[in-house]
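J.: Below is the file coords.json, which contains JSON, C-alpha atoms.
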[["chain", "number", "residue", "atom", "x", "y", "z"],
["A", 1, "MET", "CA", -34.64, 49.95, 2.73],
["A", 2, "GLY", "CA", -38.20, 48.90, 3.55],
["A", 3, "MET", "CA", -39.12, 46.80, 6.58],
["A", 4, "GLN", "CA", -39.90, 43.75, 4.43],
["A", 5, "ALA", "CA", -36.52, 43.96, 2.71],
["A", 6, "LYS", "CA", -34.75, 44.25, 6.06],
["A", 7, "TRP", "CA", -36.49, 41.14, 7.37],
["A", 8, "LEU", "CA", -35.54, 39.26, 4.19],
["A", 9, "LEU", "CA", -31.88, 40.27, 4.59],
["A", 10, "LEU", "CA", -31.83, 39.28, 8.27],
["A", 11, "SER", "CA", -33.43, 35.93, 7.43],
["A", 12, "MET", "CA", -30.78, 35.20, 4.82],
["A", 13, "ILE", "CA", -27.97, 36.02, 7.28],
["A", 14, "ALA", "CA", -29.55, 33.84, 9.99],
["A", 15, "TRP", "CA", -29.92, 30.95, 7.52],
["A", 16, "ALA", "CA", -26.27, 31.21, 6.53],
["A", 17, "LEU", "CA", -25.21, 31.15, 10.18],
["A", 18, "LEU", "CA", -27.46, 28.28, 11.20],
["A", 19, "ASP", "CA", -27.11, 26.03, 8.16],
["A", 20, "PRO", "CA", -24.58, 23.36, 9.30],
["A", 21, "ALA", "CA", -23.18, 22.95, 5.80],
["A", 22, "ARG", "CA", -22.33, 26.66, 5.74],
["A", 23, "ALA", "CA", -21.40, 27.11, 9.38],
["A", 24, "GLN", "CA", -18.82, 24.30, 9.58],
["A", 25, "PRO", "CA", -15.28, 24.93, 8.32],
["A", 26, "PRO", "CA", -13.98, 22.74, 5.48],
["A", 27, "ALA", "CA", -12.99, 19.24, 6.62],
["A", 28, "ALA", "CA", -9.30, 18.75, 7.29],
["A", 29, "PRO", "CA", -7.54, 16.60, 4.68],
["A", 30, "LYS", "CA", -7.27, 12.93, 5.57],
["A", 31, "ALA", "CA", -3.81, 11.94, 6.82],
["A", 32, "VAL", "CA", -1.90, 8.92, 5.53],
["A", 33, "LEU", "CA", 1.40, 7.38, 6.67],
["A", 34, "VAL", "CA", 3.61, 6.01, 3.88],
["A", 35, "THR", "CA", 6.63, 3.96, 4.91],
["A", 36, "GLY", "CA", 9.73, 3.86, 2.72],
["A", 37, "ALA", "CA", 8.80, 7.22, 1.21],
["A", 38, "SER", "CA", 12.26, 8.42, 0.18],
["A", 39, "THR", "CA", 12.48, 6.94, -3.32],
["A", 40, "GLY", "CA", 10.78, 4.78, -5.91],
["A", 41, "ILE", "CA", 7.22, 3.62, -5.33],
["A", 42, "GLY", "CA", 7.00, 5.18, -1.86],
["A", 43, "ARG", "CA", 8.11, 8.58, -3.16],
["A", 44, "LYS", "CA", 5.63, 8.40, -6.04],
["A", 45, "ILE", "CA", 2.78, 7.49, -3.66],
["A", 46, "THR", "CA", 3.73, 10.36, -1.37],
["A", 47, "GLU", "CA", 3.83, 12.90, -4.19],
["A", 48, "ARG", "CA", 0.54, 11.66, -5.68],
["A", 49, "LEU", "CA", -1.41, 11.79, -2.41],
["A", 50, "ALA", "CA", 0.04, 15.17, -1.42],
["A", 51, "SER", "CA", -0.74, 16.69, -4.83],
["A", 52, "ASP", "CA", -4.33, 15.46, -4.52],
["A", 53, "GLY", "CA", -4.74, 17.31, -1.24],
["A", 54, "TYR", "CA", -4.16, 14.58, 1.33],
["A", 55, "PHE", "CA", -1.72, 15.07, 4.21],
["A", 56, "VAL", "CA", 1.15, 12.59, 4.10],
["A", 57, "TYR", "CA", 3.44, 11.52, 6.90],
["A", 58, "ALA", "CA", 6.44, 10.34, 4.86],
["A", 59, "GLY", "CA", 8.39, 7.65, 6.69],
["A", 60, "ILE", "CA", 12.13, 7.86, 6.04],
["A", 61, "ARG", "CA", 15.31, 6.35, 7.50],
["A", 62, "LYS", "CA", 17.97, 8.87, 6.46],
["A", 63, "SER", "CA", 18.30, 12.45, 7.67],
["A", 64, "SER", "CA", 19.43, 13.45, 4.18],
["A", 65, "ASP", "CA", 15.87, 12.91, 2.91],
["A", 66, "LEU", "CA", 14.26, 15.25, 5.43],
["A", 67, "GLN", "CA", 14.74, 18.46, 3.50],
["A", 68, "ALA", "CA", 13.64, 17.20, 0.09],
["A", 69, "LEU", "CA", 10.44, 15.62, 1.35],
["A", 70, "GLY", "CA", 9.73, 18.45, 3.78],
["A", 71, "ALA", "CA", 9.70, 20.89, 0.87],
["A", 72, "ILE", "CA", 6.66, 19.16, -0.67],
["A", 73, "ARG", "CA", 3.34, 20.76, 0.21],
["A", 74, "ASN", "CA", 1.15, 18.58, 2.47],
["A", 75, "VAL", "CA", 4.09, 16.34, 3.43],
["A", 76, "GLN", "CA", 5.71, 15.95, 6.85],
["A", 77, "PRO", "CA", 8.77, 13.69, 6.95],
["A", 78, "VAL", "CA", 8.88, 11.29, 9.89],
["A", 79, "ARG", "CA", 11.98, 9.34, 10.89],
["A", 80, "LEU", "CA", 10.83, 5.74, 10.65],
["A", 81, "ASP", "CA", 12.98, 2.66, 10.27],
["A", 82, "VAL", "CA", 10.38, -0.12, 10.27],
["A", 83, "THR", "CA", 12.88, -2.51, 11.88],
["A", 84, "GLU", "CA", 13.33, -0.23, 14.92],
["A", 85, "PRO", "CA", 10.58, -0.42, 17.58],
["A", 86, "ARG", "CA", 11.76, 2.90, 19.07],
["A", 87, "ASP", "CA", 11.30, 4.67, 15.73],
["A", 88, "ILE", "CA", 7.82, 3.21, 15.39],
["A", 89, "ALA", "CA", 6.81, 4.23, 18.91],
["A", 90, "ALA", "CA", 8.12, 7.76, 18.37],
["A", 91, "ALA", "CA", 6.22, 8.05, 15.07],
["A", 92, "VAL", "CA", 3.00, 6.92, 16.76],
["A", 93, "ALA", "CA", 3.45, 9.55, 19.48],
["A", 94, "LEU", "CA", 4.22, 12.30, 16.96],
["A", 95, "ILE", "CA", 1.19, 11.53, 14.77],
["A", 96, "ALA", "CA", -1.18, 11.03, 17.72],
["A", 97, "HIS", "CA", -0.19, 14.37, 19.25],
["A", 98, "ALA", "CA", -0.49, 16.22, 15.92],
["A", 99, "GLY", "CA", -4.27, 16.09, 16.23],
["A", 100, "ARG", "CA", -5.06, 15.21, 12.60],
["A", 101, "GLY", "CA", -5.83, 11.60, 13.31],
["A", 102, "LEU", "CA", -4.66, 8.96, 10.84],
["A", 103, "TYR", "CA", -6.89, 7.60, 8.09],
["A", 104, "GLY", "CA", -4.45, 5.36, 6.24],
["A", 105, "VAL", "CA", -1.24, 3.37, 6.49],
["A", 106, "VAL", "CA", 0.65, 2.32, 3.37],
["A", 107, "ASN", "CA", 3.15, -0.42, 4.24],
["A", 108, "ASN", "CA", 5.56, 0.23, 1.40],
["A", 109, "ALA", "CA", 9.09, -0.05, 2.88],
["A", 110, "GLY", "CA", 10.86, -3.01, 1.36],
["A", 111, "VAL", "CA", 14.18, -4.52, 0.30],
["A", 112, "VAL", "CA", 15.17, -7.20, -2.19],
["A", 113, "THR", "CA", 17.96, -9.71, -2.26],
["A", 114, "VAL", "CA", 19.12, -11.79, -5.22],
["A", 115, "GLY", "CA", 20.46, -15.31, -4.78],
["A", 116, "SER", "CA", 19.58, -18.98, -4.64],
["A", 117, "VAL", "CA", 18.33, -20.68, -1.50],
["A", 118, "VAL", "CA", 21.73, -22.27, -0.84],
["A", 119, "ASP", "CA", 23.76, -19.15, -1.64],
["A", 120, "THR", "CA", 21.82, -16.40, 0.11],
["A", 121, "GLU", "CA", 23.58, -15.21, 3.25],
["A", 122, "MET", "CA", 21.61, -15.47, 6.47],
["A", 123, "THR", "CA", 22.19, -11.79, 7.13],
["A", 124, "GLU", "CA", 20.52, -10.96, 3.81],
["A", 125, "PHE", "CA", 17.63, -13.35, 4.44],
["A", 126, "ASP", "CA", 17.08, -11.93, 7.93],
["A", 127, "LEU", "CA", 17.11, -8.36, 6.57],
["A", 128, "VAL", "CA", 14.48, -9.16, 3.92],
["A", 129, "MET", "CA", 12.19, -10.71, 6.51],
["A", 130, "ALA", "CA", 12.82, -7.93, 9.04],
["A", 131, "VAL", "CA", 11.87, -5.18, 6.58],
["A", 132, "ASN", "CA", 9.30, -6.85, 4.33],
["A", 133, "VAL", "CA", 7.40, -8.96, 6.89],
["A", 134, "TYR", "CA", 8.14, -7.93, 10.47],
["A", 135, "GLY", "CA", 8.13, -4.25, 9.46],
["A", 136, "PRO", "CA", 4.50, -4.15, 8.21],
["A", 137, "TRP", "CA", 3.45, -6.35, 11.13],
["A", 138, "ARG", "CA", 5.01, -3.96, 13.68],
["A", 139, "VAL", "CA", 3.82, -0.78, 11.97],
["A", 140, "THR", "CA", 0.26, -2.08, 11.59],
["A", 141, "ARG", "CA", 0.03, -3.20, 15.23],
["A", 142, "ALA", "CA", 1.37, 0.13, 16.44],
["A", 143, "PHE", "CA", -0.91, 2.35, 14.35],
["A", 144, "ALA", "CA", -4.01, 0.14, 14.49],
["A", 145, "PRO", "CA", -5.73, 2.16, 17.28],
["A", 146, "LEU", "CA", -5.51, 5.36, 15.20],
["A", 147, "ILE", "CA", -6.75, 3.60, 12.05],
["A", 148, "ILE", "CA", -9.62, 1.92, 13.91],
["A", 149, "ALA", "CA", -10.62, 5.26, 15.47],
["A", 150, "SER", "CA", -10.94, 6.80, 11.99],
["A", 151, "ARG", "CA", -12.46, 3.67, 10.40],
["A", 152, "GLY", "CA", -9.70, 4.03, 7.85],
["A", 153, "ARG", "CA", -7.63, 1.91, 5.47],
["A", 154, "ILE", "CA", -4.48, -0.22, 5.48],
["A", 155, "VAL", "CA", -2.72, -0.83, 2.16],
["A", 156, "ASN", "CA", 0.14, -3.29, 1.88],
["A", 157, "ILE", "CA", 2.58, -3.20, -1.02],
["A", 158, "GLY", "CA", 3.13, -6.75, -2.17],
["A", 159, "SER", "CA", 4.44, -7.93, -5.54],
["A", 160, "ILE", "CA", 3.51, -10.25, -8.36],
["A", 161, "ASN", "CA", 6.47, -12.21, -6.93],
["A", 162, "GLY", "CA", 4.13, -12.97, -4.07],
["A", 163, "ILE", "CA", 2.20, -15.07, -6.61],
["A", 164, "PHE", "CA", 5.02, -16.69, -8.56],
["A", 165, "THR", "CA", 8.71, -17.21, -7.71],
["A", 166, "PRO", "CA", 11.43, -16.88, -10.35],
["A", 167, "PRO", "CA", 14.88, -18.38, -9.76],
["A", 168, "GLN", "CA", 17.26, -16.38, -7.54],
["A", 169, "ALA", "CA", 14.35, -14.63, -5.79],
["A", 170, "SER", "CA", 13.29, -17.12, -3.14],
["A", 171, "ALA", "CA", 13.80, -14.91, -0.09],
["A", 172, "TYR", "CA", 12.08, -11.90, -1.63],
["A", 173, "SER", "CA", 9.17, -13.99, -2.94],
["A", 174, "MET", "CA", 8.78, -15.68, 0.43],
["A", 175, "SER", "CA", 8.41, -12.27, 2.05],
["A", 176, "LYS", "CA", 5.79, -11.16, -0.48],
["A", 177, "HIS", "CA", 3.89, -14.44, -0.16],
["A", 178, "ALA", "CA", 3.76, -13.66, 3.55],
["A", 179, "MET", "CA", 2.18, -10.29, 2.76],
["A", 180, "GLU", "CA", -0.62, -12.06, 0.89],
["A", 181, "ALA", "CA", -1.50, -14.06, 4.01],
["A", 182, "PHE", "CA", -1.03, -11.02, 6.25],
["A", 183, "THR", "CA", -3.44, -9.01, 4.11],
["A", 184, "ASP", "CA", -6.13, -11.71, 4.09],
["A", 185, "GLY", "CA", -5.97, -12.36, 7.82],
["A", 186, "LEU", "CA", -5.84, -8.67, 8.70],
["A", 187, "ALA", "CA", -8.76, -7.86, 6.38],
["A", 188, "GLU", "CA", -10.99, -10.41, 8.09],
["A", 189, "GLU", "CA", -10.01, -9.15, 11.54],
["A", 190, "MET", "CA", -10.46, -5.48, 10.70],
["A", 191, "ALA", "CA", -13.72, -5.69, 8.75],
["A", 192, "PRO", "CA", -15.94, -5.79, 11.87],
["A", 193, "LEU", "CA", -14.15, -2.64, 13.07],
["A", 194, "GLY", "CA", -14.90, -0.71, 9.88],
["A", 195, "VAL", "CA", -11.34, -0.84, 8.50],
["A", 196, "GLU", "CA", -10.67, -1.95, 4.91],
["A", 197, "VAL", "CA", -7.41, -3.74, 4.04],
["A", 198, "SER", "CA", -5.95, -4.15, 0.54],
["A", 199, "ILE", "CA", -2.75, -5.29, -1.10],
["A", 200, "VAL", "CA", -1.25, -3.72, -4.23],
["A", 201, "GLU", "CA", 0.88, -6.17, -6.22],
["A", 202, "PRO", "CA", 3.20, -4.31, -8.62],
["A", 203, "GLY", "CA", 5.17, -5.84, -11.41],
["A", 204, "SER", "CA", 8.46, -4.35, -12.61],
["A", 205, "TYR", "CA", 8.62, -0.57, -12.21],
["A", 206, "LYS", "CA", 11.46, 1.88, -11.78],
["A", 207, "SER", "CA", 12.83, 1.77, -8.26],
["A", 208, "ASP", "CA", 16.05, 2.06, -6.25],
["A", 209, "ILE", "CA", 15.47, -1.33, -4.65],
["A", 210, "PHE", "CA", 18.16, -3.03, -6.76],
["A", 211, "LYS", "CA", 20.63, -0.16, -6.22],
["A", 212, "ASN", "CA", 20.27, -0.66, -2.49],
["A", 213, "GLU", "CA", 20.78, -4.40, -2.86],
["A", 214, "MET", "CA", 23.93, -3.84, -4.91],
["A", 215, "ARG", "CA", 25.33, -1.46, -2.28],
["A", 216, "ARG", "CA", 24.91, -4.17, 0.35],
["A", 217, "SER", "CA", 26.05, -7.21, -1.63],
["A", 218, "GLY", "CA", 28.21, -5.78, -4.40],
["A", 219, "SER", "CA", 26.25, -7.85, -6.94],
["A", 220, "GLY", "CA", 23.17, -7.33, -9.06],
["A", 221, "GLU", "CA", 24.57, -4.69, -11.43],
["A", 222, "PRO", "CA", 22.65, -6.10, -14.44],
["A", 223, "LEU", "CA", 19.41, -5.68, -12.47],
["A", 224, "VAL", "CA", 20.25, -2.05, -11.71],
["A", 225, "GLU", "CA", 20.70, -1.45, -15.44],
["A", 226, "PHE", "CA", 17.44, -3.31, -16.14],
["A", 227, "ALA", "CA", 15.53, -1.25, -13.54],
["A", 228, "SER", "CA", 16.78, 2.04, -14.99],
["A", 229, "HIS", "CA", 14.77, 1.41, -18.19],
["A", 230, "LEU", "CA", 11.49, 0.55, -16.48],
["A", 231, "LYS", "CA", 8.34, 2.68, -16.32],
["A", 232, "ASP", "CA", 7.84, 5.13, -13.49],
["A", 233, "PRO", "CA", 5.39, 3.70, -10.92],
["A", 234, "ASP", "CA", 2.54, 6.16, -11.56],
["A", 235, "GLU", "CA", 0.12, 3.27, -12.07],
["A", 236, "VAL", "CA", 1.08, 1.85, -8.67],
["A", 237, "ALA", "CA", 0.42, 5.19, -6.97],
["A", 238, "ASP", "CA", -2.96, 5.33, -8.71],
["A", 239, "ALA", "CA", -3.90, 1.88, -7.39],
["A", 240, "VAL", "CA", -2.82, 2.82, -3.86],
["A", 241, "GLU", "CA", -4.95, 5.98, -3.97],
["A", 242, "ARG", "CA", -7.96, 3.95, -5.11],
["A", 243, "ALA", "CA", -7.39, 1.38, -2.37],
["A", 244, "LEU", "CA", -7.26, 4.18, 0.19],
["A", 245, "PHE", "CA", -10.20, 6.27, -0.92],
["A", 246, "ASP", "CA", -12.60, 4.34, -3.18],
["A", 247, "ALA", "CA", -15.93, 3.74, -1.46],
["A", 248, "THR", "CA", -15.59, -0.04, -1.93],
["A", 249, "PRO", "CA", -11.92, -0.95, -2.38],
["A", 250, "LYS", "CA", -10.78, -4.28, -3.78],
["A", 251, "ARG", "CA", -8.78, -6.73, -1.67],
["A", 252, "ARG", "CA", -6.16, -7.09, -4.41],
["A", 253, "TYR", "CA", -4.81, -4.73, -7.08],
["A", 254, "MET", "CA", -2.38, -6.31, -9.55],
["A", 255, "VAL", "CA", -0.53, -3.51, -11.35],
["A", 256, "VAL", "CA", 1.84, -4.51, -14.17],
["A", 257, "PRO", "CA", 3.51, -2.55, -16.97],
["A", 258, "ASN", "CA", 2.80, -5.06, -19.74],
["A", 259, "ALA", "CA", 0.60, -7.97, -20.79],
["A", 260, "GLN", "CA", 3.40, -10.52, -20.36],
["A", 261, "GLN", "CA", 3.64, -9.93, -16.61],
["A", 262, "ALA", "CA", -0.15, -10.05, -16.27],
["A", 263, "GLU", "CA", -0.30, -13.37, -18.13],
["A", 264, "ILE", "CA", 2.41, -15.11, -16.13],
["A", 265, "THR", "CA", 0.79, -14.02, -12.87],
["A", 266, "ILE", "CA", -2.71, -15.16, -13.80],
["A", 267, "ARG", "CA", -1.45, -18.42, -15.37],
["A", 268, "THR", "CA", 0.46, -19.17, -12.16],
["A", 269, "GLU", "CA", -2.70, -18.76, -10.09],
["A", 270, "ILE", "CA", -4.61, -21.05, -12.47],
["A", 271, "GLN", "CA", -1.88, -23.68, -12.39],
["A", 272, "GLN", "CA", -1.88, -23.61, -8.60],
["A", 273, "LEU", "CA", -5.65, -24.12, -8.63],
["A", 274, "VAL", "CA", -5.27, -27.14, -10.93],
["A", 275, "GLU", "CA", -2.55, -28.63, -8.71],
["A", 276, "LEU", "CA", -4.65, -28.12, -5.58],
["A", 277, "ASN", "CA", -7.64, -29.78, -7.23],
["A", 278, "GLU", "CA", -6.03, -32.76, -8.91],
["A", 279, "GLY", "CA", -5.80, -36.17, -7.28],
["A", 280, "GLN", "CA", -7.53, -35.29, -4.02],
["A", 281, "PRO", "CA", -10.61, -37.14, -2.69],
["A", 282, "TYR", "CA", -12.98, -34.28, -3.48],
["A", 283, "THR", "CA", -11.66, -33.31, -6.90],
["A", 284, "TYR", "CA", -13.98, -31.07, -8.93],
["A", 285, "ASP", "CA", -14.52, -31.83, -12.59],
["A", 286, "ARG", "CA", -14.18, -29.23, -15.33],
["A", 287, "ALA", "CA", -17.85, -28.32, -15.31],
["A", 288, "ALA", "CA", -17.80, -27.62, -11.58],
["A", 289, "LEU", "CA", -14.64, -25.54, -11.86],
["A", 290, "VAL", "CA", -16.07, -23.51, -14.73],
["A", 291, "ALA", "CA", -19.26, -22.94, -12.72],
["A", 292, "MET", "CA", -17.16, -21.65, -9.80],
["A", 293, "LEU", "CA", -15.26, -19.36, -12.16],
["A", 294, "ASP", "CA", -18.49, -18.05, -13.68],
["A", 295, "GLU", "CA", -19.87, -17.39, -10.19],
["A", 296, "ALA", "CA", -16.74, -15.44, -9.25],
["A", 297, "LEU", "CA", -16.76, -13.49, -12.52],
["A", 298, "ALA", "CA", -20.42, -12.55, -11.96],
["A", 299, "ARG", "CA", -19.30, -10.75, -8.79],
["A", 300, "ALA", "CA", -16.31, -9.11, -10.49],
["A", 301, "ARG", "CA", -16.10, -5.40, -11.18],
["A", 302, "PRO", "CA", -16.06, -3.84, -14.63],
["A", 303, "LYS", "CA", -12.73, -3.76, -16.44],
["A", 304, "SER", "CA", -10.25, -1.49, -14.67],
["A", 305, "ARG", "CA", -9.56, 1.86, -16.22]]
What would you get if you wrote out this structure as C-alpha cells?
T.:
Amino acid sequence: MGMQAKWLLLSMIAWALLDPARAQPPAAPKAVLVTGASTGIGRKITERLASDGYFVYAGIRKSSDLQALGAIRNVQPVRLDVTEPRDIAAAVALIAHAGRGLYGVVNNAGVVTVGSVVDTEMTEFDLVMAVNVYGPWRVTRAFAPLIIASRGRIVNIGSINGIFTPPQASAYSMSKHAMEAFTDGLAEEMAPLGVEVSIVEPGSYKSDIFKNEMRRSGSGEPLVEFASHLKDPDEVADAVERALFDATPKRRYMVVPNAQQAEITIRTEIQQLVELNEGQPYTYDRAALVAMLDEALARARPKSR
C-alpha cells in the first residue's frame, strides 16, 4: 500500500472516531410509565409503546399480572396502586434508581360505577374519586421532578363522559370532568418548564372496566355484555403515542369508534357554549360567535388521519 493510500485510510479511521454522530452509542429508548396497565386500554397502550421500541414501566396492582407483562419485550412491571402513597413512593424510587430517566407518564388507571346520584353508595363514589381523580393527582406530583428533568410529557386518559353525562353515570362523569380541569391547569403550569400535557378522551372501546364494576357491585351485567362487542382500543393507543411523541401535541384528543359518539360530544360542547352565552350582560350575537369559530378553525390542524 502506498504512503498516500495509508494516509487516506488513517484519515478515514480518525474521522469515524472523532465524528460525534458516529462515536456516540445509539440513544437509549425513552421510558414511559403507564398506570393501570394490566388490561384494556392500559394494556393496549403498553403493548403499542413497547412494540415501537419505547421502554414501558407498566403499573399494576395484582401480583398475578407480573409474569404476563414481564414477558413482553421492553416492559418492566411495577407494583402501583394509585390510591396507595407507599406504592407510588416505591415506584418513584425504583424508576429513579434505574437510571433511564422518565420521559412520559400516562395516567390511565380508572374505575367506573353505575348508578343514580341518590342510589350510588358512598363507598363506590369515594372509590371512583380516589382512583380517577386523586390517583392521577398523586402520581403526577410524585413523578413531576423526573418528567421536568427530561422535558417530557404527561398524558391523562379522560373520556367523552367528561364532556357529557348520561343518566346513571354521574360519579364517573364527575371524575372525568375533573380530569379536564386537571389537564388544563397542569398544562399551563408545566409549559414554562418544557413539559407538554394532553388528555385523550375515548368513547366506548373494549375494556374490563365494567367487569370490575360488576365484581364489586354485583350489577351491570348488561354493560359487560355490551362492552364485549366493542372495538379494541387500538385507536386510543395511537392517540396516546402521538400525544407522547409528536413534536407539537394537541391538548385534547377525542377518540371515538363511530360518528354517533363524535356528534353527541361535539353537539354537547356547542350547546354548553350557547347556554353560557345566552342572557348574560355581554352576550355575543351570531356574527361574533361565527367569527370566533372561524378564528379558532384557522388555527386548527388538518383533518386527523
J.: Find the residues around Gly36 of chain A up to 6 Å (all atoms listed in the file counted), leave out those fewer than 2 positions away in its own chain, and share them as an NGL selection string.
T.: :A and (38 or 42 or 59-60 or 108-109)
J.: Counting all atoms listed in the file, figure out which residue out of A:Ala98, A:Val105, A:Leu193, A:Ala296 gets nearest to Phe143 of chain A.
T.: A:Val105
J.: Suppose you want the space between atom CA of Leu94 of chain A and atom CA of Val78 of chain A; what is it in Å?
T.: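 Spanning atom CA of Leu94 of chain A to atom CA of Val78 of chain A is a straight-line distance of 8.5 Å.
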J.: Considering only C-alpha atoms, can you say which of A:Ala130, A:Arg100, A:Glu180, A:Phe164 comes closest to Ala149 of chain A?
T.: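 The closest residue to Ala149 of chain A is A:Arg100.
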J.: Hey, which of A:Ala291, A:Ala28, A:Ile95, A:Ala181 ends up closest to Ala58 of chain A? Count all atoms listed in the file.
T.: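 Using all atoms listed in the file, the shortest distance to Ala58 of chain A belongs to A:Ile95.
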J.: Of the candidates A:Phe125, A:Phe55, A:Tyr282, A:Tyr205, which one gets nearest to Gly101 of chain A if we count all atoms listed in the file?
T.: A:Phe55
